[in-house]
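**Q** Take a look at query.csv, CSV, C-alpha atoms:
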```csv
chain,number,residue,atom,x,y,z
A,229,MET,CA,-8.7,-16.4,20.6
A,230,ASN,CA,-5.0,-16.6,20.4
A,231,THR,CA,-2.1,-14.8,22.0
A,232,ILE,CA,0.6,-13.1,19.9
A,233,LYS,CA,3.8,-11.3,21.0
A,234,THR,CA,4.3,-7.7,20.0
A,235,THR,CA,7.1,-5.3,20.6
A,236,ARG,CA,4.9,-2.3,21.0
A,237,PHE,CA,1.9,-3.7,22.8
A,238,GLY,CA,3.3,-6.7,24.7
A,239,GLU,CA,1.4,-9.9,24.6
A,240,ILE,CA,-2.1,-9.4,23.2
A,241,GLU,CA,-5.1,-11.6,22.7
A,242,VAL,CA,-6.3,-11.6,19.2
A,243,ASP,CA,-9.4,-13.0,17.5
A,244,GLU,CA,-7.9,-14.7,14.5
A,245,SER,CA,-11.2,-14.5,12.6
A,246,LYS,CA,-10.6,-10.8,12.5
A,247,ALA,CA,-7.1,-11.1,11.1
A,248,ILE,CA,-6.5,-9.8,7.6
A,249,ARG,CA,-4.3,-11.6,5.0
A,250,PHE,CA,-2.3,-10.0,2.2
A,251,THR,CA,-2.6,-13.0,-0.2
A,252,ASP,CA,0.0,-11.4,-2.5
A,253,GLY,CA,2.1,-9.9,0.3
A,254,LEU,CA,2.6,-6.3,1.4
A,255,PRO,CA,5.2,-4.6,-0.8
A,256,GLY,CA,8.5,-4.6,1.1
A,257,PHE,CA,7.3,-7.1,3.7
A,258,HIS,CA,6.5,-10.2,1.6
A,259,ASN,CA,7.2,-12.6,4.5
A,260,ASN,CA,4.4,-11.0,6.6
A,261,ARG,CA,1.0,-11.9,5.2
A,262,ASP,CA,-1.1,-12.0,8.4
A,263,PHE,CA,-2.0,-8.9,10.3
A,264,ILE,CA,-4.4,-7.8,13.0
A,265,ILE,CA,-6.0,-4.4,13.3
A,266,LEU,CA,-5.9,-2.7,16.7
A,267,GLU,CA,-7.2,0.6,18.0
A,268,HIS,CA,-4.6,3.1,18.9
A,269,LYS,CA,-6.5,4.6,21.8
A,270,PRO,CA,-10.2,5.0,22.5
A,271,GLY,CA,-11.5,8.0,20.4
A,272,SER,CA,-8.3,8.2,18.3
A,273,PRO,CA,-8.6,8.3,14.6
A,274,PHE,CA,-5.5,6.1,14.3
A,275,LEU,CA,-5.4,2.3,14.1
A,276,TRP,CA,-2.5,-0.1,14.1
A,277,MET,CA,-1.9,-3.0,11.7
A,278,GLN,CA,0.2,-5.4,13.7
A,279,SER,CA,2.0,-8.4,12.1
A,280,MET,CA,1.0,-11.7,13.5
A,281,ASP,CA,4.4,-13.2,12.7
A,282,THR,CA,6.9,-10.4,13.4
A,283,PRO,CA,6.5,-8.9,16.9
A,284,ASP,CA,8.2,-5.5,16.0
A,285,LEU,CA,6.4,-5.0,12.7
A,286,ALA,CA,3.4,-2.7,13.0
A,287,PHE,CA,2.0,0.2,10.9
A,288,VAL,CA,-0.1,3.2,11.9
A,289,MET,CA,-3.2,3.6,9.8
A,290,ILE,CA,-6.0,6.1,9.3
A,291,ASN,CA,-9.3,6.3,7.4
A,292,PRO,CA,-8.1,8.3,4.4
A,293,PHE,CA,-11.5,9.9,4.0
A,294,LEU,CA,-10.8,11.8,7.2
A,295,MET,CA,-7.9,13.5,5.4
A,296,LYS,CA,-9.6,13.9,2.0
A,297,SER,CA,-13.4,13.6,1.7
A,298,ASP,CA,-13.3,13.2,-2.0
A,299,TYR,CA,-10.6,10.5,-1.9
A,300,LEU,CA,-11.1,7.7,-4.6
A,301,GLN,CA,-13.6,9.8,-6.5
A,302,GLY,CA,-13.1,10.3,-10.3
A,303,LEU,CA,-10.7,7.3,-10.7
A,304,SER,CA,-10.2,5.8,-14.1
A,305,PRO,CA,-12.1,2.5,-14.7
A,306,GLU,CA,-8.8,0.7,-14.6
A,307,GLU,CA,-8.0,2.0,-11.1
A,308,GLU,CA,-11.6,1.3,-10.0
A,309,ALA,CA,-11.0,-2.3,-11.1
A,310,LEU,CA,-7.8,-2.5,-9.0
A,311,LEU,CA,-9.7,-1.5,-5.9
A,312,LYS,CA,-12.3,-4.3,-6.3
A,313,ASN,CA,-12.0,-7.3,-4.0
A,314,GLU,CA,-14.2,-9.8,-5.9
A,315,ASP,CA,-17.8,-9.0,-4.9
A,316,ASP,CA,-16.8,-8.2,-1.3
A,317,GLU,CA,-17.5,-4.8,0.2
A,318,ILE,CA,-14.2,-3.0,0.8
A,319,ILE,CA,-12.7,-1.1,3.7
A,320,VAL,CA,-9.9,1.4,2.8
A,321,PHE,CA,-7.1,2.4,5.1
A,322,SER,CA,-4.0,4.5,4.5
A,323,LEU,CA,-0.6,3.9,6.1
A,324,VAL,CA,0.8,6.8,8.2
A,325,THR,CA,4.5,7.6,8.4
A,326,ILE,CA,5.5,9.2,11.7
A,327,PRO,CA,9.1,10.3,11.9
A,328,ARG,CA,10.6,9.6,15.3
A,329,GLY,CA,10.4,12.7,17.5
A,330,GLU,CA,8.7,14.6,14.8
A,331,VAL,CA,5.0,13.8,15.0
A,332,GLN,CA,4.1,17.1,13.4
A,333,LYS,CA,5.8,15.9,10.2
A,334,ALA,CA,3.5,12.8,9.9
A,335,THR,CA,2.4,11.9,6.4
A,336,VAL,CA,-0.2,9.7,4.9
A,337,ASN,CA,0.3,7.4,1.9
A,338,LEU,CA,-2.7,8.2,-0.4
A,339,LEU,CA,-0.9,6.7,-3.4
A,340,GLY,CA,-1.0,3.2,-2.0
A,341,PRO,CA,-4.1,2.5,0.0
A,342,ILE,CA,-4.7,-0.7,1.9
A,343,VAL,CA,-7.9,-2.4,0.7
A,344,VAL,CA,-9.5,-5.0,2.9
A,345,GLY,CA,-12.5,-7.2,1.9
A,346,ALA,CA,-15.1,-6.8,4.7
A,347,LYS,CA,-16.1,-10.4,4.6
A,348,SER,CA,-13.1,-12.2,3.1
A,349,ARG,CA,-10.6,-10.2,5.2
A,350,LYS,CA,-8.4,-10.4,2.1
A,351,ALA,CA,-6.0,-7.4,2.0
A,352,LYS,CA,-4.0,-5.8,-0.7
A,353,GLN,CA,-2.1,-2.6,-1.2
A,354,VAL,CA,-3.3,-0.9,-4.4
A,355,ILE,CA,-1.1,1.7,-6.2
A,356,LEU,CA,-3.2,4.5,-7.8
A,357,ALA,CA,-0.5,5.9,-10.0
A,358,ASN,CA,-2.6,8.0,-12.3
A,359,ALA,CA,-4.9,9.7,-9.7
A,360,GLY,CA,-2.3,12.3,-8.6
A,361,TYR,CA,-2.1,11.1,-5.0
A,362,SER,CA,1.1,11.4,-3.0
A,363,HIS,CA,2.8,8.6,-1.1
A,364,CYS,CA,3.6,11.2,1.6
A,365,GLN,CA,0.7,13.6,1.9
A,366,GLN,CA,1.4,16.0,4.8
A,367,MET,CA,-1.2,15.7,7.6
A,368,ILE,CA,-2.9,19.0,8.6
A,369,PHE,CA,-3.7,19.4,12.3
A,370,SER,CA,-6.4,21.8,13.5
B,90,MET,CA,22.2,-14.6,-21.6
B,91,LEU,CA,22.1,-13.9,-17.9
B,92,TYR,CA,23.5,-10.9,-16.1
B,93,VAL,CA,23.1,-9.5,-12.6
B,94,PRO,CA,21.7,-6.0,-12.5
B,95,GLU,CA,21.9,-3.6,-9.6
B,96,PRO,CA,20.1,-3.1,-7.2
B,97,TRP,CA,18.3,-6.5,-7.2
B,98,ARG,CA,21.3,-8.8,-7.6
B,99,VAL,CA,19.1,-11.5,-9.0
B,100,PRO,CA,19.7,-13.1,-12.4
B,101,VAL,CA,17.4,-11.8,-15.1
B,102,LEU,CA,16.4,-13.2,-18.4
B,103,VAL,CA,17.5,-11.0,-21.3
B,104,LEU,CA,15.6,-11.2,-24.6
B,105,THR,CA,16.2,-9.1,-27.7
B,106,ARG,CA,13.0,-7.9,-29.5
B,107,LYS,CA,12.3,-5.6,-32.4
B,108,VAL,CA,9.5,-3.0,-32.7
B,109,GLU,CA,6.1,-4.7,-32.8
B,110,GLU,CA,7.5,-7.9,-31.3
B,111,SER,CA,6.4,-8.9,-27.9
B,112,ILE,CA,7.0,-11.2,-24.9
B,113,THR,CA,4.4,-13.1,-23.0
B,114,ILE,CA,4.7,-13.5,-19.2
B,115,GLY,CA,2.6,-16.3,-17.7
B,116,ASN,CA,-0.6,-17.0,-19.5
B,117,HIS,CA,-2.1,-13.6,-19.5
B,118,VAL,CA,0.4,-10.8,-19.7
B,119,THR,CA,1.9,-9.6,-23.0
B,120,VAL,CA,4.4,-6.8,-23.4
B,121,THR,CA,4.9,-5.4,-26.9
B,122,VAL,CA,7.7,-3.0,-28.0
B,123,LEU,CA,5.7,-0.2,-29.8
B,124,GLU,CA,8.4,2.4,-30.5
B,125,VAL,CA,12.1,3.0,-29.9
B,126,LYS,CA,13.3,6.6,-30.1
B,127,GLY,CA,16.9,7.1,-28.9
B,128,SER,CA,17.0,5.8,-25.3
B,129,GLN,CA,13.3,5.8,-24.9
B,130,VAL,CA,11.2,2.7,-25.5
B,131,LYS,CA,7.4,2.7,-25.7
B,132,LEU,CA,5.9,-0.5,-24.4
B,133,GLY,CA,2.3,-1.8,-24.8
B,134,ILE,CA,1.2,-4.0,-21.9
B,135,LYS,CA,-1.8,-6.3,-22.1
B,136,ALA,CA,-2.7,-7.7,-18.7
B,137,PRO,CA,-5.9,-8.8,-16.9
B,138,LYS,CA,-7.6,-6.0,-15.0
B,139,ASP,CA,-6.7,-7.4,-11.6
B,140,VAL,CA,-2.9,-7.5,-12.4
B,141,PRO,CA,-1.3,-4.2,-11.3
B,142,VAL,CA,1.1,-2.8,-13.8
B,143,ASN,CA,3.3,0.0,-12.5
B,144,ARG,CA,6.5,1.9,-13.3
B,145,THR,CA,9.1,0.3,-11.1
B,146,GLU,CA,10.1,3.6,-9.5
B,147,ILE,CA,6.5,4.1,-8.4
B,148,PHE,CA,6.3,0.6,-6.9
B,149,GLU,CA,9.7,1.2,-5.2
B,150,SER,CA,8.4,4.5,-3.7
B,151,VAL,CA,5.5,2.6,-2.1
B,152,ILE,CA,8.0,-0.1,-0.8
B,153,ASN,CA,10.2,2.7,0.7
B,154,GLU,CA,7.3,4.5,2.2
B,155,ASN,CA,6.0,1.2,3.7
B,156,ILE,CA,9.5,0.7,5.3
B,157,ARG,CA,9.5,4.3,6.7
B,158,ALA,CA,5.9,3.7,8.0
B,159,SER,CA,6.9,0.5,9.8
B,160,GLU,CA,9.2,2.5,12.0
B,161,ALA,CA,6.4,4.5,13.8
B,162,PRO,CA,6.8,4.9,17.6
B,163,SER,CA,4.1,3.2,19.6
B,164,ASP,CA,3.3,6.4,21.5
B,165,PHE,CA,2.4,9.5,19.6
B,166,GLU,CA,0.2,11.4,21.9
B,167,ALA,CA,0.5,14.7,19.9
B,168,LEU,CA,-1.4,13.1,17.1
B,169,THR,CA,-4.5,12.3,19.0
B,170,PHE,CA,-6.0,15.8,18.5
B,171,PRO,CA,-8.5,16.3,15.6
B,172,ILE,CA,-7.3,16.4,12.0
B,173,LYS,CA,-8.3,19.2,9.8
B,174,GLN,CA,-9.4,18.1,6.3
B,175,ALA,CA,-7.2,18.8,3.4
B,176,PRO,CA,-9.1,21.1,0.9
B,177,ALA,CA,-11.5,18.9,-1.2
B,178,ASN,CA,-13.0,19.7,-4.6
B,179,LYS,CA,-16.3,18.0,-3.8
B,180,THR,CA,-17.8,16.4,-0.7
B,181,GLY,CA,-17.7,12.6,-0.6
B,182,GLU,CA,-19.3,9.9,1.4
B,183,LEU,CA,-17.4,8.0,4.0
```
Please, can you express the file's structure as C-alpha coordinates?

**A**
Amino acid sequence: MNTIKTTRFGEIEVDESKAIRFTDGLPGFHNNRDFIILEHKPGSPFLWMQSMDTPDLAFVMINPFLMKSDYLQGLSPEEEALLKNEDDEIIVFSLVTIPRGEVQKATVNLLGPIVVGAKSRKAKQVILANAGYSHCQQMIFS
Amino acid sequence: MLYVPEPWRVPVLVLTRKVEESITIGNHVTVTVLEVKGSQVKLGIKAPKDVPVNRTEIFESVINENIRASEAPSDFEALTFPIKQAPANKTGEL
(Lines of atoms letter the chains of each structure in order from A and count residues from 1; the text may use other names and numbers.)
(Lines give C-alpha, C1' and ligand atoms only; values in the text may rest on other atoms or scores of the structure.)
Protein backbone atom coordinates (compact mmCIF):
# COMPACT_ATOMS: atom_id res chain seq x y z
CA MET A 1 0.00 0.00 0.00
CA ASN A 2 1.11 3.49 -0.79
CA THR A 3 -0.36 6.93 -0.19
CA ILE A 4 -0.99 9.33 -3.06
CA LYS A 5 -2.19 12.92 -3.00
CA THR A 6 -5.29 13.79 -5.01
CA THR A 7 -7.09 17.09 -5.46
CA ARG A 8 -10.58 15.57 -5.55
CA PHE A 9 -10.28 12.83 -2.94
CA GLY A 10 -7.55 14.09 -0.62
CA GLU A 11 -4.81 11.66 0.44
CA ILE A 12 -5.76 8.10 -0.43
CA GLU A 13 -4.21 4.72 0.19
CA VAL A 14 -3.68 2.78 -3.00
CA ASP A 15 -2.71 -0.79 -3.68
CA GLU A 16 -0.02 -0.29 -6.33
CA SER A 17 -0.50 -3.81 -7.64
CA LYS A 18 -3.92 -2.63 -8.81
CA ALA A 19 -2.58 0.38 -10.68
CA ILE A 20 -2.90 0.47 -14.45
CA ARG A 21 -0.20 1.69 -16.79
CA PHE A 22 -0.59 3.33 -20.19
CA THR A 23 2.67 2.04 -21.65
CA ASP A 24 2.25 4.24 -24.75
CA GLY A 25 0.68 7.10 -22.82
CA LEU A 26 -2.86 8.45 -22.80
CA PRO A 27 -3.47 10.81 -25.77
CA GLY A 28 -3.21 14.39 -24.51
CA PHE A 29 -1.63 13.32 -21.19
CA HIS A 30 1.57 11.59 -22.20
CA ASN A 31 3.37 12.48 -18.97
CA ASN A 32 0.84 10.53 -16.91
CA ARG A 33 1.21 6.80 -17.40
CA ASP A 34 0.14 5.39 -14.05
CA PHE A 35 -3.43 5.54 -12.82
CA ILE A 36 -5.53 3.91 -10.15
CA ILE A 37 -9.21 3.02 -10.54
CA LEU A 38 -11.51 4.17 -7.74
CA GLU A 39 -15.21 3.69 -7.10
CA HIS A 40 -17.27 6.87 -7.34
CA LYS A 41 -19.78 5.88 -4.66
CA PRO A 42 -21.09 2.51 -3.51
CA GLY A 43 -23.69 1.35 -6.01
CA SER A 44 -22.77 4.02 -8.57
CA PRO A 45 -22.09 2.87 -12.14
CA PHE A 46 -19.29 5.46 -12.30
CA LEU A 47 -15.60 4.94 -11.59
CA TRP A 48 -12.66 7.31 -11.40
CA MET A 49 -9.31 6.89 -13.09
CA GLN A 50 -6.97 8.93 -10.90
CA SER A 51 -3.42 9.80 -11.97
CA MET A 52 -0.75 8.55 -9.56
CA ASP A 53 1.53 11.43 -10.56
CA THR A 54 -0.71 14.47 -10.99
CA PRO A 55 -3.05 15.13 -8.04
CA ASP A 56 -5.64 17.09 -10.03
CA LEU A 57 -5.81 14.69 -13.00
CA ALA A 58 -8.73 12.27 -12.82
CA PHE A 59 -11.32 10.98 -15.26
CA VAL A 60 -14.84 9.68 -14.73
CA MET A 61 -15.38 6.30 -16.37
CA ILE A 62 -18.27 3.96 -16.99
CA ASN A 63 -18.77 0.44 -18.29
CA PRO A 64 -19.78 1.24 -21.90
CA PHE A 65 -21.95 -1.88 -22.15
CA LEU A 66 -24.32 -0.20 -19.70
CA MET A 67 -24.86 2.45 -22.35
CA LYS A 68 -24.90 0.23 -25.39
CA SER A 69 -25.30 -3.51 -24.91
CA ASP A 70 -24.12 -4.32 -28.44
CA TYR A 71 -20.98 -2.20 -28.08
CA LEU A 72 -17.89 -3.67 -29.80
CA GLN A 73 -19.97 -6.12 -31.80
CA GLY A 74 -19.46 -6.36 -35.54
CA LEU A 75 -16.05 -4.65 -35.54
CA SER A 76 -13.70 -5.14 -38.47
CA PRO A 77 -10.87 -7.68 -37.94
CA GLU A 78 -8.43 -4.74 -37.89
CA GLU A 79 -10.29 -3.05 -35.04
CA GLU A 80 -10.69 -6.36 -33.21
CA ALA A 81 -6.89 -6.66 -33.40
CA LEU A 82 -6.43 -3.18 -31.90
CA LEU A 83 -8.50 -4.18 -28.86
CA LYS A 84 -6.28 -7.18 -28.13
CA ASN A 85 -3.87 -6.98 -25.23
CA GLU A 86 -1.57 -9.89 -26.03
CA ASP A 87 -3.33 -12.99 -24.63
CA ASP A 88 -4.70 -11.16 -21.66
CA GLU A 89 -8.40 -10.91 -20.92
CA ILE A 90 -9.48 -7.29 -21.41
CA ILE A 91 -11.67 -4.94 -19.41
CA VAL A 92 -13.20 -2.03 -21.31
CA PHE A 93 -14.07 1.40 -19.90
CA SER A 94 -15.28 4.60 -21.48
CA LEU A 95 -14.36 8.10 -20.36
CA VAL A 96 -17.26 10.35 -19.38
CA THR A 97 -17.27 14.10 -20.00
CA ILE A 98 -19.31 16.02 -17.44
CA PRO A 99 -19.60 19.74 -18.17
CA ARG A 100 -19.40 21.78 -14.97
CA GLY A 101 -22.84 22.57 -13.63
CA GLU A 102 -24.48 20.68 -16.48
CA VAL A 103 -24.48 17.05 -15.43
CA GLN A 104 -27.49 16.37 -17.65
CA LYS A 105 -25.26 17.09 -20.64
CA ALA A 106 -22.81 14.32 -19.74
CA THR A 107 -21.40 12.41 -22.70
CA VAL A 108 -19.51 9.16 -23.10
CA ASN A 109 -16.55 8.59 -25.39
CA LEU A 110 -17.43 5.41 -27.30
CA LEU A 111 -14.97 6.24 -30.11
CA GLY A 112 -11.92 5.87 -27.84
CA PRO A 113 -12.46 3.15 -25.22
CA ILE A 114 -9.87 2.46 -22.51
CA VAL A 115 -8.74 -1.16 -22.71
CA VAL A 116 -7.04 -2.71 -19.68
CA GLY A 117 -5.40 -6.14 -19.49
CA ALA A 118 -7.00 -8.01 -16.58
CA LYS A 119 -3.68 -9.57 -15.51
CA SER A 120 -1.01 -7.29 -16.98
CA ARG A 121 -2.88 -4.05 -15.95
CA LYS A 122 -1.52 -2.66 -19.21
CA ALA A 123 -3.84 0.08 -20.45
CA LYS A 124 -4.34 1.78 -23.81
CA GLN A 125 -6.87 4.02 -25.44
CA VAL A 126 -8.02 2.48 -28.69
CA ILE A 127 -9.60 4.55 -31.47
CA LEU A 128 -12.38 2.71 -33.29
CA ALA A 129 -12.65 5.12 -36.21
CA ASN A 130 -14.59 2.86 -38.58
CA ALA A 131 -17.31 1.55 -36.27
CA GLY A 132 -19.46 4.69 -36.30
CA TYR A 133 -19.03 5.44 -32.57
CA SER A 134 -19.15 8.99 -31.26
CA HIS A 135 -16.53 10.59 -29.00
CA CYS A 136 -19.38 12.42 -27.27
CA GLN A 137 -22.39 10.10 -27.11
CA GLN A 138 -25.14 11.75 -25.07
CA MET A 139 -26.05 9.77 -21.95
CA ILE A 140 -29.72 8.95 -21.54
CA PHE A 141 -31.09 8.97 -18.01
CA SER A 142 -34.21 7.08 -17.01
CA MET B 1 14.26 21.03 -45.78
CA LEU B 2 12.76 21.87 -42.41
CA TYR B 3 9.83 24.08 -41.71
CA VAL B 4 7.64 24.70 -38.67
CA PRO B 5 3.95 23.95 -39.22
CA GLU B 6 1.04 25.17 -37.11
CA PRO B 7 -0.26 24.03 -34.69
CA TRP B 8 2.52 21.68 -33.56
CA ARG B 9 5.44 24.10 -33.81
CA VAL B 10 7.91 21.28 -34.06
CA PRO B 11 10.27 20.85 -36.98
CA VAL B 12 9.13 18.24 -39.49
CA LEU B 13 11.02 16.32 -42.11
CA VAL B 14 9.75 17.14 -45.59
CA LEU B 15 10.26 14.60 -48.39
CA THR B 16 9.06 14.84 -51.98
CA ARG B 17 7.61 11.62 -53.45
CA LYS B 18 5.99 10.66 -56.74
CA VAL B 19 2.99 8.36 -57.21
CA GLU B 20 3.90 4.76 -56.33
CA GLU B 21 6.90 5.93 -54.33
CA SER B 22 6.89 5.44 -50.58
CA ILE B 23 8.54 6.22 -47.29
CA THR B 24 9.36 3.81 -44.48
CA ILE B 25 8.93 4.84 -40.84
CA GLY B 26 10.81 2.73 -38.34
CA ASN B 27 11.26 -0.88 -39.37
CA HIS B 28 7.65 -1.80 -39.97
CA VAL B 29 5.60 1.08 -41.35
CA THR B 30 5.50 1.99 -45.05
CA VAL B 31 3.43 4.81 -46.51
CA THR B 32 2.97 4.83 -50.30
CA VAL B 33 1.52 7.61 -52.46
CA LEU B 34 -1.12 5.80 -54.53
CA GLU B 35 -2.84 8.63 -56.36
CA VAL B 36 -2.83 12.42 -56.58
CA LYS B 37 -5.96 14.19 -57.81
CA GLY B 38 -5.89 17.96 -57.46
CA SER B 39 -5.44 18.67 -53.75
CA GLN B 40 -6.36 15.10 -52.74
CA VAL B 41 -3.70 12.51 -52.08
CA LYS B 42 -4.48 8.82 -51.65
CA LEU B 43 -2.02 7.04 -49.36
CA GLY B 44 -1.49 3.34 -48.80
CA ILE B 45 -0.28 2.50 -45.30
CA LYS B 46 1.34 -0.79 -44.40
CA ALA B 47 1.73 -1.19 -40.63
CA PRO B 48 1.70 -4.03 -38.07
CA LYS B 49 -1.77 -4.85 -36.71
CA ASP B 50 -0.98 -3.41 -33.28
CA VAL B 51 0.09 -0.02 -34.66
CA PRO B 52 -2.92 2.32 -34.70
CA VAL B 53 -3.24 4.37 -37.87
CA ASN B 54 -5.72 7.24 -37.72
CA ARG B 55 -6.65 10.38 -39.55
CA THR B 56 -5.06 13.12 -37.44
CA GLU B 57 -8.34 14.99 -36.94
CA ILE B 58 -9.87 11.83 -35.39
CA PHE B 59 -6.86 11.42 -33.08
CA GLU B 60 -7.12 15.10 -32.14
CA SER B 61 -10.85 14.77 -31.40
CA VAL B 62 -9.94 12.02 -28.90
CA ILE B 63 -7.22 14.21 -27.34
CA ASN B 64 -9.64 17.14 -27.02
CA GLU B 65 -12.36 14.93 -25.55
CA ASN B 66 -9.82 13.52 -23.04
CA ILE B 67 -8.96 17.09 -22.02
CA ARG B 68 -12.66 17.95 -21.60
CA ALA B 69 -13.21 14.69 -19.63
CA SER B 70 -10.32 15.55 -17.29
CA GLU B 71 -12.24 18.59 -16.04
CA ALA B 72 -15.05 16.60 -14.39
CA PRO B 73 -16.24 17.86 -10.99
CA SER B 74 -15.68 15.39 -8.16
CA ASP B 75 -19.27 15.59 -6.99
CA PHE B 76 -21.99 14.82 -9.51
CA GLU B 77 -24.84 13.49 -7.42
CA ALA B 78 -27.40 13.85 -10.18
CA LEU B 79 -25.64 11.19 -12.17
CA THR B 80 -26.06 8.45 -9.62
CA PHE B 81 -29.52 7.49 -10.77
CA PRO B 82 -29.91 4.60 -13.22
CA ILE B 83 -28.95 5.02 -16.85
CA LYS B 84 -31.33 4.00 -19.58
CA GLN B 85 -29.79 1.99 -22.38
CA ALA B 86 -29.35 3.60 -25.75
CA PRO B 87 -31.34 1.63 -28.36
CA ALA B 88 -29.36 -1.45 -29.40
CA ASN B 89 -29.64 -3.55 -32.53
CA LYS B 90 -28.89 -6.79 -30.79
CA THR B 91 -28.37 -7.89 -27.24
CA GLY B 92 -24.76 -8.33 -26.21
CA GLU B 93 -23.03 -9.96 -23.32
CA LEU B 94 -21.36 -7.87 -20.67

**Q** Output as JSON the centre and edge lengths (Å, one decimal) of the box along x, y and z of the file that holds every listed atom of stretch 99-111 of chain B after adding 6 Å on each side.

**A**
```
{"center_x": 12.9, "center_y": -8.1, "center_z": -20.9, "size_x": 25.6, "size_y": 22.2, "size_z": 35.8}
```

**Q** Rounded to one decimal, what separation in Å do you get between atom CA of B:Lys126 and atom CA of B:Lys107?

**A**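 Those two atoms sit 12.5 Å apart.
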
**Q** What does the distance from atom CA of A:Gln366 to atom CA of A:Thr335 come to in Å, to one decimal?

**A**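 Spanning atom CA of A:Gln366 to atom CA of A:Thr335 is a straight-line distance of 4.5 Å.
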
**Q** At most 6 Å is the cut-off: for each residue in chain A with any atom that close to an atom of chain B, write down the nearest atom pair and the distance in Å rounded to one decimal, counting all atoms listed in the file, chain first then increasing number, as JSON lines.

**A**
```
{"residue": "A:Arg236", "atom": "CA", "partner": "B:Ser163", "partner_atom": "CA", "distance": 5.7}
{"residue": "A:Pro255", "atom": "CA", "partner": "B:Ile152", "partner_atom": "CA", "distance": 5.3}
{"residue": "A:Gly256", "atom": "CA", "partner": "B:Ile152", "partner_atom": "CA", "distance": 4.9}
{"residue": "A:Ser272", "atom": "CA", "partner": "B:Thr169", "partner_atom": "CA", "distance": 5.6}
{"residue": "A:Ala286", "atom": "CA", "partner": "B:Ser159", "partner_atom": "CA", "distance": 5.7}
{"residue": "A:Phe287", "atom": "CA", "partner": "B:Ser159", "partner_atom": "CA", "distance": 5.0}
{"residue": "A:Met295", "atom": "CA", "partner": "B:Gln174", "partner_atom": "CA", "distance": 4.9}
{"residue": "A:Lys296", "atom": "CA", "partner": "B:Ala175", "partner_atom": "CA", "distance": 5.6}
{"residue": "A:Ser297", "atom": "CA", "partner": "B:Gly181", "partner_atom": "CA", "distance": 5.0}
{"residue": "A:Asp298", "atom": "CA", "partner": "B:Gly181", "partner_atom": "CA", "distance": 4.7}
{"residue": "A:Leu310", "atom": "CA", "partner": "B:Asp139", "partner_atom": "CA", "distance": 5.7}
{"residue": "A:Val324", "atom": "CA", "partner": "B:Ala158", "partner_atom": "CA", "distance": 6.0}
{"residue": "A:Thr325", "atom": "CA", "partner": "B:Ala158", "partner_atom": "CA", "distance": 4.2}
{"residue": "A:Ile326", "atom": "CA", "partner": "B:Ala161", "partner_atom": "CA", "distance": 5.2}
{"residue": "A:Ile368", "atom": "CA", "partner": "B:Lys173", "partner_atom": "CA", "distance": 5.5}
{"residue": "A:Phe369", "atom": "CA", "partner": "B:Ile172", "partner_atom": "CA", "distance": 4.7}
{"residue": "A:Ser370", "atom": "CA", "partner": "B:Lys173", "partner_atom": "CA", "distance": 4.9}
```

**Q** Report the distance between atom CA of A:Thr231 and atom CA of A:Asp281 in Å, rounded to one decimal place.

**A**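 Interatomic distance here is 11.5 Å.
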
**Q** Which residues are close to A:Gly253, i.e. within 12 Å by all atoms listed in the file, leaving aside same-chain residues fewer than 5 positions away? Reply as a PDB file with C-alpha atoms, keeping the file's coordinate frame.

**A**
```
ATOM      1  CA  ILE A 248      -6.500  -9.800   7.600  1.00  0.00           C
ATOM      2  CA  HIS A 258       6.500 -10.200   1.600  1.00  0.00           C
ATOM      3  CA  ASN A 259       7.200 -12.600   4.500  1.00  0.00           C
ATOM      4  CA  ASN A 260       4.400 -11.000   6.600  1.00  0.00           C
ATOM      5  CA  ARG A 261       1.000 -11.900   5.200  1.00  0.00           C
ATOM      6  CA  ASP A 262      -1.100 -12.000   8.400  1.00  0.00           C
ATOM      7  CA  PHE A 263      -2.000  -8.900  10.300  1.00  0.00           C
ATOM      8  CA  SER A 279       2.000  -8.400  12.100  1.00  0.00           C
ATOM      9  CA  ILE A 342      -4.700  -0.700   1.900  1.00  0.00           C
ATOM     10  CA  LYS A 350      -8.400 -10.400   2.100  1.00  0.00           C
ATOM     11  CA  ALA A 351      -6.000  -7.400   2.000  1.00  0.00           C
ATOM     12  CA  LYS A 352      -4.000  -5.800  -0.700  1.00  0.00           C
ATOM     13  CA  GLN A 353      -2.100  -2.600  -1.200  1.00  0.00           C
ATOM     14  CA  VAL A 354      -3.300  -0.900  -4.400  1.00  0.00           C
TER      15      VAL A 354
ATOM     16  CA  ILE B 152       8.000  -0.100  -0.800  1.00  0.00           C
TER      17      ILE B 152
END
```

**Q** Compare A:Leu294, A:Leu300, A:Leu275, A:Ile355 by their minimum atom-to-atom distance to A:Met367, counting all atoms listed in the file, and give me the closest one.

**A**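 Nearest candidate to A:Met367 out of A:Leu294, A:Leu300, A:Leu275, A:Ile355: A:Leu294.
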
**Q** Between B:Pro137, B:Leu102, B:Lys131, B:Thr145, which residue has the minimum interatomic distance to B:Thr119, considering all atoms listed in the file?

**A**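 That would be B:Pro137, the residue with the smallest distance to B:Thr119.
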
**Q** If we count all atoms listed in the file, what is near A:Ile264 at a cut-off of 12 Å, once residues fewer than 6 positions away on the same chain are taken out, given as a PyMOL selection string?

**A** chain A and resi 230-234+240-250+275-283+285-289+344+349-351

**Q** Generate the coordinates of N, CA and C atoms for stretch 354-368 of chain A; report them as a short mmCIF file (atom, residue, chain, number, x, y, z; two decimals), keeping the file's coordinate frame.

**A**
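Below is the file that was written, part-v6.cif:
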```
data_model
loop_
_atom_site.label_atom_id
_atom_site.label_comp_id
_atom_site.auth_asym_id
_atom_site.auth_seq_id
_atom_site.Cartn_x
_atom_site.Cartn_y
_atom_site.Cartn_z
N VAL A 354 -3.00 -1.27 -3.00
CA VAL A 354 -3.30 -0.90 -4.40
C VAL A 354 -2.46 0.37 -4.70
N ILE A 355 -1.86 0.45 -5.87
CA ILE A 355 -1.10 1.70 -6.20
C ILE A 355 -1.97 2.44 -7.27
N LEU A 356 -2.38 3.65 -6.89
CA LEU A 356 -3.20 4.50 -7.80
C LEU A 356 -2.31 5.52 -8.42
N ALA A 357 -1.53 5.06 -9.41
CA ALA A 357 -0.50 5.90 -10.00
C ALA A 357 -0.96 7.05 -10.82
N ASN A 358 -2.19 6.95 -11.32
CA ASN A 358 -2.60 8.00 -12.30
C ASN A 358 -3.62 8.97 -11.67
N ALA A 359 -3.85 8.89 -10.36
CA ALA A 359 -4.90 9.70 -9.70
C ALA A 359 -4.27 10.99 -9.09
N GLY A 360 -2.95 11.13 -9.16
CA GLY A 360 -2.30 12.30 -8.60
C GLY A 360 -2.16 12.32 -7.10
N TYR A 361 -2.26 11.15 -6.48
CA TYR A 361 -2.10 11.10 -5.00
C TYR A 361 -0.64 10.93 -4.63
N SER A 362 -0.32 11.49 -3.46
CA SER A 362 1.10 11.40 -3.00
C SER A 362 1.25 10.24 -2.04
N HIS A 363 2.48 9.69 -2.03
CA HIS A 363 2.80 8.60 -1.10
C HIS A 363 3.16 9.24 0.28
N CYS A 364 3.30 10.57 0.33
CA CYS A 364 3.60 11.20 1.60
C CYS A 364 2.91 12.53 1.74
N GLN A 365 1.59 12.46 1.75
CA GLN A 365 0.70 13.60 1.90
C GLN A 365 0.85 14.15 3.35
N GLN A 366 1.25 15.40 3.48
CA GLN A 366 1.40 16.00 4.80
C GLN A 366 0.04 16.01 5.52
N MET A 367 0.01 15.64 6.79
CA MET A 367 -1.20 15.70 7.60
C MET A 367 -1.38 17.16 8.06
N ILE A 368 -2.62 17.62 8.10
CA ILE A 368 -2.90 19.00 8.60
C ILE A 368 -3.62 18.86 9.92
#
```
